[in-house]
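This is my_file_29.cif. It holds mmCIF, C-alpha atoms.
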data_my_file
loop_
_atom_site.group_PDB
_atom_site.id
_atom_site.type_symbol
_atom_site.label_atom_id
_atom_site.label_comp_id
_atom_site.auth_asym_id
_atom_site.auth_seq_id
_atom_site.Cartn_x
_atom_site.Cartn_y
_atom_site.Cartn_z
ATOM 1 C CA MET A 240 131.558 -123.292 333.141
ATOM 2 C CA THR A 241 131.146 -119.627 333.639
ATOM 3 C CA THR A 242 127.854 -117.869 334.257
ATOM 4 C CA ALA A 243 127.631 -116.801 330.624
ATOM 5 C CA ASP A 244 128.047 -120.420 329.581
ATOM 6 C CA ILE A 245 125.224 -121.562 331.836
ATOM 7 C CA VAL A 246 122.934 -118.776 330.647
ATOM 8 C CA ILE A 247 123.643 -119.446 327.014
ATOM 9 C CA VAL A 248 123.037 -123.171 327.447
ATOM 10 C CA LEU A 249 119.703 -122.487 329.135
ATOM 11 C CA LEU A 250 118.710 -120.043 326.423
ATOM 12 C CA GLY A 251 119.851 -122.534 323.830
ATOM 13 C CA VAL A 252 117.629 -125.208 325.335
ATOM 14 C CA VAL A 253 114.692 -122.818 325.070
ATOM 15 C CA THR A 254 115.633 -121.840 321.522
ATOM 16 C CA VAL A 255 116.081 -125.354 320.200
ATOM 17 C CA GLY A 256 113.076 -126.671 322.120
ATOM 18 C CA SER A 257 110.751 -124.040 320.755
ATOM 19 C CA GLY A 258 112.292 -124.522 317.301
ATOM 20 C CA VAL A 259 111.422 -128.211 317.516
ATOM 21 C CA MET A 260 107.924 -127.234 318.597
ATOM 22 C CA VAL A 261 107.659 -124.972 315.532
ATOM 23 C CA VAL A 262 108.370 -127.860 313.199
ATOM 24 C CA GLY A 263 106.457 -130.430 315.247
ATOM 25 C CA THR A 264 103.267 -128.847 316.485
ATOM 26 C CA ARG A 265 99.940 -129.747 314.963
ATOM 27 C CA GLN A 266 98.432 -126.267 315.162
ATOM 28 C CA ILE A 267 99.645 -123.737 312.689
ATOM 29 C CA VAL A 268 99.041 -120.698 314.897
ATOM 30 C CA HIS A 269 100.937 -122.332 317.713
ATOM 31 C CA ALA A 270 103.855 -122.798 315.321
ATOM 32 C CA ALA A 271 103.952 -119.026 314.786
ATOM 33 C CA LEU A 272 103.796 -118.396 318.524
ATOM 34 C CA TRP A 273 106.586 -120.882 319.235
ATOM 35 C CA LEU A 274 108.554 -119.041 316.595
ATOM 36 C CA VAL A 275 108.210 -115.907 318.728
ATOM 37 C CA VAL A 276 109.630 -117.798 321.721
ATOM 38 C CA SER A 277 112.512 -119.124 319.646
ATOM 39 C CA PHE A 278 113.411 -115.724 318.194
ATOM 40 C CA GLY A 279 113.068 -114.051 321.578
ATOM 41 C CA SER A 280 115.419 -116.425 323.337
ATOM 42 C CA LEU A 281 117.815 -116.108 320.425
ATOM 43 C CA ALA A 282 117.764 -112.338 320.924
ATOM 44 C CA ALA A 283 118.563 -112.938 324.586
ATOM 45 C CA SER A 284 121.485 -115.109 323.482
ATOM 46 C CA TYR A 285 122.735 -112.205 321.384
ATOM 47 C CA VAL A 286 122.605 -109.986 324.465
ATOM 48 C CA VAL A 287 124.637 -112.557 326.392
ATOM 49 C CA LEU A 288 127.120 -112.607 323.518
ATOM 50 C CA ALA A 289 127.457 -108.805 323.854
ATOM 51 C CA ALA A 290 125.800 -108.074 320.517
ATOM 52 C CA GLU A 291 123.120 -105.733 321.786
ATOM 53 C CA PHE A 292 122.318 -103.949 318.562
ATOM 54 C CA VAL A 293 121.777 -107.211 316.681
ATOM 55 C CA ALA A 294 119.557 -108.371 319.539
ATOM 56 C CA TRP A 295 117.329 -105.337 319.244
ATOM 57 C CA VAL A 296 117.149 -105.632 315.474
ATOM 58 C CA GLN A 297 116.225 -109.279 315.946
ATOM 59 C CA VAL A 298 113.398 -108.359 318.294
ATOM 60 C CA LEU A 299 112.157 -105.544 316.074
ATOM 61 C CA ILE A 300 112.306 -107.252 312.712
ATOM 62 C CA TYR A 301 111.817 -110.922 313.472
ATOM 63 C CA VAL A 302 109.442 -110.845 316.393
ATOM 64 C CA GLY A 303 107.802 -107.601 315.366
ATOM 65 C CA ALA A 304 107.546 -107.890 311.613
ATOM 66 C CA VAL A 305 108.257 -111.358 310.267
ATOM 67 C CA VAL A 306 106.055 -113.276 312.695
ATOM 68 C CA VAL A 307 103.203 -110.808 312.207
ATOM 69 C CA LEU A 308 103.610 -111.227 308.452
ATOM 70 C CA LEU A 309 103.501 -115.006 308.832
ATOM 71 C CA LEU A 310 100.375 -114.736 310.981
ATOM 72 C CA PHE A 311 98.808 -112.603 308.269
ATOM 73 C CA GLY A 312 99.682 -115.323 305.786
ATOM 74 C CA VAL A 313 98.064 -117.929 308.032
ATOM 75 C CA MET A 314 94.954 -115.786 308.221
ATOM 76 C CA LEU A 315 94.731 -114.968 304.524
ATOM 77 C CA THR A 316 95.158 -118.537 303.326
ATOM 78 C CA ARG A 317 92.352 -119.679 305.659
ATOM 79 C CA ALA A 318 94.595 -122.177 307.308
ATOM 80 C CA PRO A 319 92.942 -124.509 309.780
ATOM 81 C CA ILE A 320 92.972 -122.719 313.112
ATOM 82 C CA GLY A 321 92.419 -125.699 315.332
ATOM 83 C CA ARG A 322 94.247 -128.971 315.486
ATOM 84 C CA SER A 323 94.882 -130.501 312.093
ATOM 85 C CA ASP A 324 96.684 -133.710 311.385
ATOM 86 C CA ASP A 325 97.608 -133.103 307.765
ATOM 87 C CA LEU A 326 100.350 -130.538 308.317
ATOM 88 C CA ASP A 327 103.075 -133.114 307.805
ATOM 89 C CA SER A 328 103.716 -134.754 304.485
ATOM 90 C CA GLY A 329 104.293 -138.412 303.795
ATOM 91 C CA ASN A 330 108.068 -138.195 303.779
ATOM 92 C CA ARG A 331 108.225 -137.396 307.480
ATOM 93 C CA ILE A 332 110.430 -140.352 308.334
ATOM 94 C CA VAL A 333 112.908 -139.489 305.597
ATOM 95 C CA ALA A 334 112.956 -135.893 306.789
ATOM 96 C CA LEU A 335 113.600 -137.037 310.341
ATOM 97 C CA VAL A 336 116.465 -139.258 309.223
ATOM 98 C CA VAL A 337 118.017 -136.442 307.176
ATOM 99 C CA ALA A 338 117.684 -133.939 310.013
ATOM 100 C CA VAL A 339 119.126 -136.291 312.619
ATOM 101 C CA ALA A 340 121.999 -137.183 310.311
ATOM 102 C CA ALA A 341 122.714 -133.496 309.645
ATOM 103 C CA ALA A 342 122.603 -132.743 313.358
ATOM 104 C CA ALA A 343 124.907 -135.656 314.168
ATOM 105 C CA VAL A 344 127.474 -134.698 311.536
ATOM 106 C CA LEU A 345 127.425 -131.013 312.443
ATOM 107 C CA VAL A 346 127.578 -131.534 316.196
ATOM 108 C CA THR A 347 130.356 -134.104 315.930
ATOM 109 C CA THR A 348 132.414 -131.870 313.675
ATOM 110 C CA LEU A 349 131.892 -128.784 315.788
ATOM 111 C CA VAL A 350 132.609 -130.505 319.080
ATOM 112 C CA ARG A 351 135.746 -132.126 317.750
ATOM 113 C CA GLY A 352 136.893 -128.925 316.107
ATOM 114 C CA PHE A 353 136.192 -126.428 318.858
ATOM 115 C CA ARG A 354 136.686 -128.511 321.961
ATOM 116 C CA ASP A 355 139.350 -126.212 323.354
ATOM 117 C CA ALA A 356 138.155 -122.941 321.904
ATOM 118 C CA TYR A 357 137.545 -120.274 324.491
ATOM 119 C CA PHE A 358 137.214 -116.573 324.087
ATOM 120 C CA PRO A 359 137.086 -113.784 326.660
ATOM 121 C CA LEU A 360 133.554 -112.472 326.570
ATOM 122 C CA LYS A 361 134.273 -109.690 329.048
ATOM 123 C CA ALA A 362 136.786 -108.114 326.687
ATOM 124 C CA ARG A 363 134.119 -107.970 323.970
ATOM 125 C CA VAL A 364 131.590 -105.945 325.909
ATOM 126 C CA GLY A 365 130.819 -102.813 323.978
ATOM 127 C CA THR A 366 131.827 -104.128 320.584
ATOM 128 C CA GLY A 367 128.198 -104.808 319.779
ATOM 129 C CA SER A 368 126.776 -101.447 320.717
ATOM 130 C CA SER A 369 124.833 -99.461 318.188
ATOM 131 C CA ALA A 370 127.575 -96.800 318.004
ATOM 132 C CA THR A 371 130.221 -99.331 317.044
ATOM 133 C CA ILE A 372 128.050 -101.226 314.609
ATOM 134 C CA GLY A 373 126.730 -98.042 313.062
ATOM 135 C CA ALA A 374 130.210 -96.669 312.518
ATOM 136 C CA SER A 375 131.320 -99.931 310.965
ATOM 137 C CA LEU A 376 128.193 -100.149 308.846
ATOM 138 C CA PHE A 377 128.504 -96.686 307.388
ATOM 139 C CA ARG A 378 132.264 -96.731 306.926
ATOM 140 C CA THR A 379 133.338 -100.161 305.794
ATOM 141 C CA TRP A 380 130.117 -101.759 304.729
ATOM 142 C CA VAL A 381 128.323 -98.843 303.171
ATOM 143 C CA LEU A 382 128.339 -100.246 299.647
ATOM 144 C CA PRO A 383 126.626 -103.547 300.550
ATOM 145 C CA PHE A 384 124.259 -101.523 302.686
ATOM 146 C CA GLU A 385 123.208 -99.457 299.678
ATOM 147 C CA ALA A 386 122.916 -102.545 297.498
ATOM 148 C CA LEU A 387 120.692 -104.061 300.154
ATOM 149 C CA SER A 388 118.457 -101.010 300.108
ATOM 150 C CA VAL A 389 118.003 -101.456 296.363
ATOM 151 C CA LEU A 390 117.190 -105.110 296.963
ATOM 152 C CA LEU A 391 114.603 -104.170 299.571
ATOM 153 C CA LEU A 392 113.012 -101.799 297.104
ATOM 154 C CA ALA A 393 112.925 -104.520 294.462
ATOM 155 C CA ALA A 394 111.362 -106.957 296.939
ATOM 156 C CA LEU A 395 108.767 -104.357 297.904
ATOM 157 C CA ILE A 396 107.801 -103.700 294.291
ATOM 158 C CA GLY A 397 107.769 -107.417 293.568
ATOM 159 C CA ALA A 398 105.470 -108.142 296.495
ATOM 160 C CA ILE A 399 103.116 -105.368 295.390
ATOM 161 C CA VAL A 400 103.064 -106.601 291.787
ATOM 162 C CA LEU A 401 102.451 -110.179 292.904
ATOM 163 C CA SER A 402 99.668 -109.392 295.305
ATOM 164 C CA ARG A 403 97.705 -106.960 293.137
ATOM 165 C CA SER A 404 95.274 -108.655 290.857
ATOM 166 C CA ASP A 405 94.381 -105.713 288.611
ATOM 167 C CA ILE A 406 97.807 -105.449 286.986
ATOM 168 C CA GLY A 407 99.899 -107.948 285.153
ATOM 169 C CA PRO A 408 98.832 -110.321 282.401
ATOM 170 C CA LYS A 409 95.123 -110.800 282.063
ATOM 171 C CA ALA A 410 93.637 -114.074 283.116
ATOM 172 C CA ILE A 411 93.413 -116.597 280.331
ATOM 173 C CA GLU A 412 89.899 -116.546 279.002
ATOM 174 C CA GLU A 413 87.932 -119.728 278.923
ATOM 175 C CA ASP A 414 88.642 -121.655 275.793
ATOM 176 C CA PRO A 415 85.386 -121.589 273.816
ATOM 177 C CA GLU A 416 86.142 -124.945 272.321
ATOM 178 C CA PRO A 417 87.899 -127.187 274.820
ATOM 179 C CA PRO A 418 89.940 -129.969 273.288
ATOM 180 C CA ALA A 419 88.096 -133.224 273.067
ATOM 181 C CA ARG A 420 88.782 -135.673 275.801
ATOM 182 C CA PRO A 421 90.083 -139.059 274.766
ATOM 183 C CA ARG A 422 87.104 -141.313 274.284
ATOM 184 C CA ARG A 423 86.834 -144.669 275.843
ATOM 185 C CA ARG A 424 85.380 -146.477 272.912
ATOM 186 C CA GLY A 425 87.106 -146.412 269.593
ATOM 187 C CA ASP A 426 90.231 -144.956 271.090
ATOM 188 C CA GLY A 427 92.561 -146.769 268.736
ATOM 189 C CA PRO A 428 95.302 -145.129 266.763
ATOM 190 C CA LEU A 429 92.940 -144.481 263.886
ATOM 191 C CA ALA A 430 90.092 -143.159 265.965
ATOM 192 C CA ARG A 431 88.300 -140.149 264.616
ATOM 193 C CA ARG A 432 89.645 -136.949 266.082
ATOM 194 C CA ARG A 433 86.796 -134.556 266.004
ATOM 195 C CA THR A 434 85.939 -131.838 268.464
ATOM 196 C CA ARG A 435 82.741 -132.485 270.196
ATOM 197 C CA GLY A 436 79.943 -130.223 269.090
ATOM 198 C CA PRO A 437 76.923 -129.181 271.110
ATOM 199 C CA ASP A 438 74.722 -131.503 269.037
ATOM 200 C CA ASP A 439 76.504 -134.662 269.979
ATOM 201 C CA GLU A 440 74.448 -137.327 271.601
ATOM 202 C CA ASP A 441 76.200 -137.732 274.919
ATOM 203 C CA THR A 442 76.572 -134.005 275.360
ATOM 204 C CA ILE A 443 72.837 -133.679 275.284
ATOM 205 C CA VAL A 444 72.468 -136.555 277.715
ATOM 206 C CA LEU A 445 74.967 -134.933 280.049
ATOM 207 C CA ALA A 446 73.080 -131.665 279.813
ATOM 208 C CA ARG A 447 69.881 -133.459 280.773
ATOM 209 C CA ILE A 448 71.617 -135.043 283.726
ATOM 210 C CA ASP A 449 72.801 -131.629 284.755
ATOM 211 C CA GLU A 450 69.274 -130.286 284.587
ATOM 212 C CA GLU A 451 68.023 -133.105 286.731
ATOM 213 C CA VAL A 452 70.734 -132.557 289.281
ATOM 214 C CA MET B 174 133.282 -118.428 327.239
ATOM 215 C CA HIS B 175 133.301 -121.818 325.632
ATOM 216 C CA LEU B 176 132.750 -121.652 321.874
ATOM 217 C CA VAL B 177 131.159 -125.079 321.606
ATOM 218 C CA TYR B 178 127.835 -124.291 323.271
ATOM 219 C CA PRO B 179 126.571 -121.581 320.914
ATOM 220 C CA VAL B 180 127.730 -123.333 317.752
ATOM 221 C CA VAL B 181 126.109 -126.606 318.834
ATOM 222 C CA ILE B 182 122.894 -124.720 319.568
ATOM 223 C CA ALA B 183 123.083 -123.217 316.090
ATOM 224 C CA ALA B 184 123.647 -126.641 314.522
ATOM 225 C CA LEU B 185 120.652 -128.120 316.335
ATOM 226 C CA LEU B 186 118.440 -125.204 315.352
ATOM 227 C CA PHE B 187 119.551 -125.592 311.745
ATOM 228 C CA SER B 188 118.684 -129.288 311.812
ATOM 229 C CA ALA B 189 115.239 -128.502 313.191
ATOM 230 C CA GLY B 190 114.782 -126.120 310.269
ATOM 231 C CA VAL B 191 115.916 -128.800 307.812
ATOM 232 C CA TYR B 192 113.368 -131.212 309.246
ATOM 233 C CA GLY B 193 110.643 -128.599 308.974
ATOM 234 C CA VAL B 194 111.409 -127.762 305.361
ATOM 235 C CA LEU B 195 111.390 -131.418 304.385
ATOM 236 C CA ALA B 196 108.449 -132.622 306.450
ATOM 237 C CA ARG B 197 105.890 -129.840 306.409
ATOM 238 C CA ARG B 198 103.161 -129.604 303.816
ATOM 239 C CA ASN B 199 101.787 -126.155 304.449
ATOM 240 C CA ALA B 200 103.817 -123.551 302.567
ATOM 241 C CA ILE B 201 103.704 -121.077 305.444
ATOM 242 C CA LEU B 202 105.165 -123.654 307.808
ATOM 243 C CA VAL B 203 107.930 -124.256 305.265
ATOM 244 C CA LEU B 204 108.663 -120.524 305.345
ATOM 245 C CA MET B 205 108.816 -120.623 309.147
ATOM 246 C CA SER B 206 111.332 -123.464 308.985
ATOM 247 C CA VAL B 207 113.471 -121.471 306.569
ATOM 248 C CA GLU B 208 113.454 -118.672 309.137
ATOM 249 C CA LEU B 209 114.737 -121.101 311.754
ATOM 250 C CA MET B 210 117.642 -122.046 309.498
ATOM 251 C CA LEU B 211 118.497 -118.409 308.830
ATOM 252 C CA ASN B 212 118.474 -117.727 312.561
ATOM 253 C CA ALA B 213 120.886 -120.577 313.171
ATOM 254 C CA VAL B 214 123.242 -119.008 310.641
ATOM 255 C CA ASN B 215 122.859 -115.643 312.360
ATOM 256 C CA LEU B 216 123.852 -117.119 315.711
ATOM 257 C CA ASN B 217 126.952 -118.594 314.120
ATOM 258 C CA LEU B 218 127.891 -115.257 312.580
ATOM 259 C CA VAL B 219 127.564 -113.396 315.869
ATOM 260 C CA VAL B 220 129.505 -116.009 317.816
ATOM 261 C CA PHE B 221 132.420 -116.054 315.419
ATOM 262 C CA ASP B 222 132.459 -112.281 315.173
ATOM 263 C CA MET B 223 132.850 -112.228 318.952
ATOM 264 C CA ARG B 224 135.437 -114.957 318.959
ATOM 265 C CA TRP B 225 137.778 -113.309 316.501
ATOM 266 C CA ALA B 226 137.041 -109.803 317.791
ATOM 267 C CA ASP B 227 136.606 -108.703 314.208
ATOM 268 C CA ARG B 228 137.738 -105.133 313.884
ATOM 269 C CA LEU B 229 135.346 -104.445 311.025
ATOM 270 C CA HIS B 230 132.488 -106.252 312.824
ATOM 271 C CA GLY B 231 131.812 -108.216 309.694
ATOM 272 C CA GLY B 232 129.872 -110.933 311.479
ATOM 273 C CA GLN B 233 127.392 -108.645 313.149
ATOM 274 C CA VAL B 234 126.944 -106.490 310.059
ATOM 275 C CA LEU B 235 126.353 -109.597 307.973
ATOM 276 C CA THR B 236 123.828 -110.712 310.589
ATOM 277 C CA LEU B 237 121.948 -107.462 310.074
ATOM 278 C CA PHE B 238 122.058 -108.031 306.331
ATOM 279 C CA VAL B 239 120.720 -111.562 306.712
ATOM 280 C CA ILE B 240 117.891 -110.288 308.902
ATOM 281 C CA VAL B 241 116.948 -107.751 306.240
ATOM 282 C CA LEU B 242 117.177 -110.394 303.529
ATOM 283 C CA ALA B 243 114.968 -112.710 305.582
ATOM 284 C CA ALA B 244 112.376 -109.977 305.915
ATOM 285 C CA ALA B 245 112.405 -109.407 302.140
ATOM 286 C CA GLU B 246 112.257 -113.147 301.533
ATOM 287 C CA VAL B 247 109.272 -113.605 303.825
ATOM 288 C CA GLY B 248 107.464 -110.715 302.178
ATOM 289 C CA LEU B 249 107.977 -112.069 298.682
ATOM 290 C CA GLY B 250 107.365 -115.659 299.758
ATOM 291 C CA LEU B 251 104.066 -114.771 301.360
ATOM 292 C CA ALA B 252 103.040 -112.820 298.276
ATOM 293 C CA LEU B 253 103.748 -115.932 296.199
ATOM 294 C CA VAL B 254 101.897 -118.181 298.636
ATOM 295 C CA LEU B 255 98.870 -115.883 298.579
ATOM 296 C CA LEU B 256 98.944 -115.833 294.789
ATOM 297 C CA ILE B 257 99.010 -119.629 294.705
ATOM 298 C CA TYR B 258 96.197 -119.740 297.207
ATOM 299 C CA ARG B 259 94.126 -117.351 295.121
ATOM 300 C CA ASN B 260 94.610 -119.449 291.990
ATOM 301 C CA ARG B 261 94.526 -122.951 293.416
ATOM 302 C CA GLN B 262 92.688 -122.665 296.754
ATOM 303 C CA THR B 263 95.450 -124.631 298.434
ATOM 304 C CA VAL B 264 98.903 -123.996 299.878
ATOM 305 C CA ASP B 265 99.722 -127.658 300.223
ATOM 306 C CA VAL B 266 103.155 -128.097 298.667
ATOM 307 C CA ASP B 267 102.523 -131.804 298.146
ATOM 308 C CA ARG B 268 99.603 -131.115 295.864
ATOM 309 C CA LEU B 269 101.208 -128.425 293.722
ATOM 310 C CA ARG B 270 102.655 -130.792 291.179
ATOM 311 C CA THR B 271 101.901 -129.152 287.874
ATOM 312 C CA LEU B 272 105.608 -128.633 287.239
ATOM 313 C CA GLY B 273 106.361 -132.289 287.914
ATOM 314 C CA GLU B 274 106.307 -135.126 285.452
ATOM 315 C CA HIS B 275 103.130 -136.761 286.724
ATOM 316 C CA GLU B 276 100.761 -134.238 285.344
ATOM 317 C CA GLU B 277 97.580 -136.049 286.188
ATOM 318 C CA GLU B 278 98.210 -135.645 289.912
ATOM 319 C CA GLY B 279 98.540 -131.913 289.698
ATOM 320 C CA VAL B 280 95.895 -129.611 291.002
ATOM 321 C CA ARG B 281 94.265 -127.997 288.042
ATOM 322 C CA GLN B 282 92.407 -124.822 288.102
#

Exercise: express the given structure as structure tokens:
Amino acid sequence: MTTADIVIVLLGVVTVGSGVMVVGTRQIVHAALWLVVSFGSLAASYVVLAAEFVAWVQVLIYVGAVVVLLLFGVMLTRAPIGRSDDLDSGNRIVALVVAVAAAAVLVTTLVRGFRDAYFPLKARVGTGSSATIGASLFRTWVLPFEALSVLLLAALIGAIVLSRSDIGPKAIEEDPEPPARPRRRGDGPLARRRTRGPDDEDTIVLARIDEEV
Amino acid sequence: MHLVYPVVIAALLFSAGVYGVLARRNAILVLMSVELMLNAVNLNLVVFDMRWADRLHGGQVLTLFVIVLAAAEVGLGLALVLLIYRNRQTVDVDRLRTLGEHEEEGVRQ
């Protein structure tokens, strides 16, 4: 085990541990903060793997933008700030079984497949610098880059359209005559189908009850 | 550098994300779990880029693309979640069943 191996295992423990905390914690704000820890240690792993530019982009976009956006979402949906026990759904056990099975299959396959796979990390130093990546991005990958910019624009416009309430289709107006509810009595196949008018008996009774309440 | 450690870390992180997507009820927590899965994929891309010493740096460039896509996805996803919250006063994915077959359980407006 080289030093890089040890460092990446330690960072991996932090990454996976905080990832498990993200999906396991009972406080929704803590989940966002554990997400910061997970993304940060992942960025450190990128630095160890000599991909410095990706590491900085990870810090800037994930830690800087995505987590802040998620925290805004937490705030705007009035999520429970304190401890809440209803963050997990009923199929928790099934989810746990599926996740453990996926982890077992993936880890077994990867360990058996890459047991003897080594690569010289020292020879890769510098291949992840911003100069190298930038040159590659704007020479070889410039067409996907441009397509991605169009996609970002589309996502921006879509988010604006979705979050503005004064554009788009107008809200459906209240139906002046709501369809009659199925009655309890006389609900046979030949029951009278008649919309309930304001002069019906039970409507008036209900209105009186409302007044009393 | 041994290749197994980073790819196993990525697999475990991906499984944590799978658990989160399946088990969480709050839509924002589901989005966070999706981010975990995308990050696991990113780690894989960087590691294999470094292993093969890709001359075009495809792995790292694709990682950048995935990061940008994740940012767009989170923006749109949060816009959708806020829209649902504005219309239904809940972001509980278990209770948003109006597209399912059991209509009577769905949250109506």

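The result of the PyMOL selection byres ((chain A and resi 353-370) around 8) on the shown file is Leu288, Ala289, Ala290, Glu291, Phe292, Val293, Leu349, Val350, Arg351, Gly352, Thr371, Ile372, Gly373 and Ala374 of chain A; Met174, His175, Leu176, Val177, Met223, Arg224, Ala226 and Gln233 of chain B.
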
Interatomic distance between CA of Ala244 (chain B) and CA of Asn212 (chain B)? 11.9 Å

For this structure, which residues satisfy the selection - the PyMOL selection byres ((chain B) within 7 of (chain A)) - when it is evaluated on the file as given? I want them as a PyMOL selection string. chain B and resi 174-178+181-182+184-186+188-189+191-193+195-199+201+206+209+223-224+229-230+233-234+237+244-245+247-249+251-253+255-256+258

Write the residues of the preceding selection, restricted to C-alpha atoms, as a PDB file, in the frame of the given file.
ATOM      1  CA  MET B 174     133.282-118.428 327.239  1.00  0.00           C
ATOM      2  CA  HIS B 175     133.301-121.818 325.632  1.00  0.00           C
ATOM      3  CA  LEU B 176     132.750-121.652 321.874  1.00  0.00           C
ATOM      4  CA  VAL B 177     131.159-125.079 321.606  1.00  0.00           C
ATOM      5  CA  TYR B 178     127.835-124.291 323.271  1.00  0.00           C
ATOM      6  CA  VAL B 181     126.109-126.606 318.834  1.00  0.00           C
ATOM      7  CA  ILE B 182     122.894-124.720 319.568  1.00  0.00           C
ATOM      8  CA  ALA B 184     123.647-126.641 314.522  1.00  0.00           C
ATOM      9  CA  LEU B 185     120.652-128.120 316.335  1.00  0.00           C
ATOM     10  CA  LEU B 186     118.440-125.204 315.352  1.00  0.00           C
ATOM     11  CA  SER B 188     118.684-129.288 311.812  1.00  0.00           C
ATOM     12  CA  ALA B 189     115.239-128.502 313.191  1.00  0.00           C
ATOM     13  CA  VAL B 191     115.916-128.800 307.812  1.00  0.00           C
ATOM     14  CA  TYR B 192     113.368-131.212 309.246  1.00  0.00           C
ATOM     15  CA  GLY B 193     110.643-128.599 308.974  1.00  0.00           C
ATOM     16  CA  LEU B 195     111.390-131.418 304.385  1.00  0.00           C
ATOM     17  CA  ALA B 196     108.449-132.622 306.450  1.00  0.00           C
ATOM     18  CA  ARG B 197     105.890-129.840 306.409  1.00  0.00           C
ATOM     19  CA  ARG B 198     103.161-129.604 303.816  1.00  0.00           C
ATOM     20  CA  ASN B 199     101.787-126.155 304.449  1.00  0.00           C
ATOM     21  CA  ILE B 201     103.704-121.077 305.444  1.00  0.00           C
ATOM     22  CA  SER B 206     111.332-123.464 308.985  1.00  0.00           C
ATOM     23  CA  LEU B 209     114.737-121.101 311.754  1.00  0.00           C
ATOM     24  CA  MET B 223     132.850-112.228 318.952  1.00  0.00           C
ATOM     25  CA  ARG B 224     135.437-114.957 318.959  1.00  0.00           C
ATOM     26  CA  LEU B 229     135.346-104.445 311.025  1.00  0.00           C
ATOM     27  CA  HIS B 230     132.488-106.252 312.824  1.00  0.00           C
ATOM     28  CA  GLN B 233     127.392-108.645 313.149  1.00  0.00           C
ATOM     29  CA  VAL B 234     126.944-106.490 310.059  1.00  0.00           C
ATOM     30  CA  LEU B 237     121.948-107.462 310.074  1.00  0.00           C
ATOM     31  CA  ALA B 244     112.376-109.977 305.915  1.00  0.00           C
ATOM     32  CA  ALA B 245     112.405-109.407 302.140  1.00  0.00           C
ATOM     33  CA  VAL B 247     109.272-113.605 303.825  1.00  0.00           C
ATOM     34  CA  GLY B 248     107.464-110.715 302.178  1.00  0.00           C
ATOM     35  CA  LEU B 249     107.977-112.069 298.682  1.00  0.00           C
ATOM     36  CA  LEU B 251     104.066-114.771 301.360  1.00  0.00           C
ATOM     37  CA  ALA B 252     103.040-112.820 298.276  1.00  0.00           C
ATOM     38  CA  LEU B 253     103.748-115.932 296.199  1.00  0.00           C
ATOM     39  CA  LEU B 255      98.870-115.883 298.579  1.00  0.00           C
ATOM     40  CA  LEU B 256      98.944-115.833 294.789  1.00  0.00           C
ATOM     41  CA  TYR B 258      96.197-119.740 297.207  1.00  0.00           C
TER      42      TYR B 258
END

note - CA of Thr236 (chain B) and CA of Ala200 (chain B) are separated by 25.1 Å

Box for region 220-225 of chain B - axis-aligned, 5 Å on each of the six sides, all listed atoms - centre and size in Å to one decimal, as lines of an AutoDock Vina configuration file.
center_x = 133.6
center_y = -114.1
center_z = 317.1
size_x = 18.3
size_y = 13.8
size_z = 13.8

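If you look at CA of Phe238 (chain B) and CA of Trp295 (chain A), they are 14.0 Å away from each other.
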
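Between Val276 (chain A) and the residues A:Thr264, A:Gly303, A:Val253, A:Leu382, the shortest atom-to-atom distance, using only C-alpha atoms, involves A:Val253.
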
Quick one: residues within 6 Å of Val219 (chain B), only C-alpha atoms counted, chain neighbours fewer than 2 positions away excluded, as number ranges by chain? B: 216-217, 221-222, 232-233

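Minimum atom-to-atom distance to Val266 (chain B), evaluated using all atoms listed in the file, belongs to B:Val194 out of B:Ala243, B:Ala183, B:Val194, B:Met210.
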